[in-house]
Amino acid sequence: MAQVIADRRDIEFVLYEQLEILNLIQEEKYSDLNKKLFNMIIAEARTLAVKEVLPTKIDGDRIGATFDKGKVTVPASYHRVHQLIIDGEWTALVEDPELGGQGMPHIISRVAGEYLEGANWTAVFYSMMGHGTGKMIELYGTPKQKELFLKNLYTGKWSGTMLLTEPNAGSDLGALTTTAVKNPDGTYQITGNKIFITNGEHNLSENIIHPVLARIENSPPGVRGISIFIVPKTWVDDDGGLGVPNDVVCTGIEEKMGLHGSATCSMALGGKGRCRGLLLGQENHGMKIMFHMMNESRLDVGLQGLTACSCAYLYALDYANQRCQGCELGSDKDNTSQVPIIRHPDVRRMLLWLKAHTEGMRSFIYYVTMLMDRMDCASDPDKKAQFDGLLGLLTPVVKAYCSERGFEACIQAIQIYGGYGYIKEYPVEQLARDCKIASLYEGTNGIQAMDLLGRKLGMAGGKIFEQLIETISECINETEKTIGLEKLATETRMAVDLFIKTARHINSSARSADFKVAYAHAHPFLEAMGDIIMAWMLLWRARLAKIRLSGKHTKTDFSFYKGQIKSAEFFIFSILPITIGRMNSILNSNGAAVEIEEDSFGG
């Protein structure tokens, strides 16, 4: 039977052979865990995803979320999935069991997420989004706020959101106008309107807790004057019980290109003057607090790209094995027997593109997730800072690169299906529509590129970037010593050397009079960085596979390991040359994009 959502063998390879996650159980934090438990959790997530969540995906698209008089109704099939996720305690795998979590490493939670979210992101995230809301309260809330909200959010009993965007304050959050006026009892009266609020209203939870960015009167202008507030849909009394409705009203939901099962809401706060909020953290620290949640969300968005790529690949692979069309190239001209389309070179090219990108992105995202676990376990402050720095550097790349390649993967899968890929009877059409949002979520990919160039590349005087390059170079050095992979290593080293030169150039340009030209090339630079990381991940995989092939292995493992080497060959010999062209373009620093006059665009 064909696999769906994700390849279990590949996941095990990344976990236990590439990242060697069993080293985590040597740490005190995870000393009571073991491989058997990890595998059991992954197997349960896979079973739940395939048997219960995946069948709701069509309902999400065809029925979708509906709006009527301030109320949002989700497809009926979502209710069972929502309850199964809560009953199975999937909503906060990494958190303390006393708070409703399971105490698992981030990496195990990420694998579970790949299956569950890959099955139907819209159904799963109604219960999962409360984790980010809860985490902010755990880190910045008062003891009373934690008592009232934390466990209900972590267990999924209550849902969570993020209320940032306004009609005139999208990416420019400093322009927001939602206000907060302090009440005599210490609460704040909140007034304003928010848009594009994922899961802002629905009929799955008894309460929804909204983190809301707002400006307290007389606060500084711009982002410096933004605070964050806990605003429940239904007020939570001091004893933890539900009180009165809190004047938080959904005024409509968006009709979107895809992701129809997810309610994208417009929200009115305080329309009747009765919306109250609790200040979270200190006044004017809202952006600092919210970015903690946004960084978690950026990694989730990168995972959306991976799951789209993985699903598209597995669907296309199964279809290519089943669909018979045309004779095999090179066969006798009188031969009329049709062959599965996987025999055709162009289809094989597209399948290998999908395979290489799925595997590379999985390693990339899992690697970044492991940085979180290593940071949590590190006792040395310098080590902890190093892991945190790498996490900060790589987060915008994970978000932007994986979301874009995930969408491209869906397009490739449609092409493999041919005309059938363009109709709703087959799954890849929906995958493409649903996946596109990932490049827009949590700051568009152009903003991720600006973050990478403007903030992350020069962190700690460039030492974090240098550490990344050193780690990649170590892998190349080891691979150069591996018989049969020398040329792969050499080609990767050449690309990395050019990437170092490109990074220095654009970093310098961004701090010169030509800074606008540099920022016009920020997104191509992020793409180049993503390609370099992918080459590293696939080279790493190929080296391990080559080592395994020299020892004892089963027939199935033989095919798997040989496939790892071919994935690396394809990416390094077919994709990296394009990356080299992109880096040469950045080095040329053509300024046409910023020099062209507005009138010259035409229209």
# chains A, B, ... in the order shown; residues from 1 in each chain; ligands from 1
$ closest_atom_pairs --of "stretch 479-597 of chain A" --to "stretch 346-361 of chain A" --cutoff "9 Å" --atoms "only C-alpha atoms" --output "Markdown table"
| residue | atom | partner | partner_atom | distance |
| --- | --- | --- | --- | --- |
| A:Ile533 | CA | A:Gly360 | CA | 8.4 |
| A:Met534 | CA | A:Gly360 | CA | 5.2 |
| A:Ala535 | CA | A:Gly360 | CA | 7.6 |
| A:Trp536 | CA | A:Gly360 | CA | 8.6 |
| A:Met537 | CA | A:Gly360 | CA | 5.7 |
| A:Leu538 | CA | A:Gly360 | CA | 5.7 |
| A:Arg541 | CA | A:Gly360 | CA | 8.8 |
| A:Gln564 | CA | A:Ala356 | CA | 8.3 |
| A:Lys566 | CA | A:Leu352 | CA | 8.3 |
| A:Ser567 | CA | A:Ala356 | CA | 4.8 |
| A:Ala568 | CA | A:Ala356 | CA | 7.0 |
| A:Phe570 | CA | A:Leu352 | CA | 7.3 |
| A:Phe571 | CA | A:Ala356 | CA | 6.6 |
| A:Ile575 | CA | A:Trp353 | CA | 9.0 |
$ residues_around --residues "A:Lys546" --least-positions-apart "6" --cutoff "9 Å" --atoms "only C-alpha atoms" --output "PyMOL selection string"
chain A and resi 482-485+561-562+564-565
$ closest_residue --among "A:Thr133, A:Ser589, A:Thr198, A:Ser331" --to "A:Ile289" --atoms "only C-alpha atoms"
A:Thr133
$ residues_around --residues "A:Phe465" --least-positions-apart "6" --cutoff "12 Å" --atoms "only C-alpha atoms" --output "ChimeraX atom specification"
/A:386-387,389-394,452-453,455-459,471-472,499-500,503-504,507,529
$ residues_around --residues "A:Leu306" --least-positions-apart "3" --cutoff "8 Å" --atoms "only C-alpha atoms" --output "ChimeraX atom specification"
/A:302-303,309-310,358,361-362,402-403,406
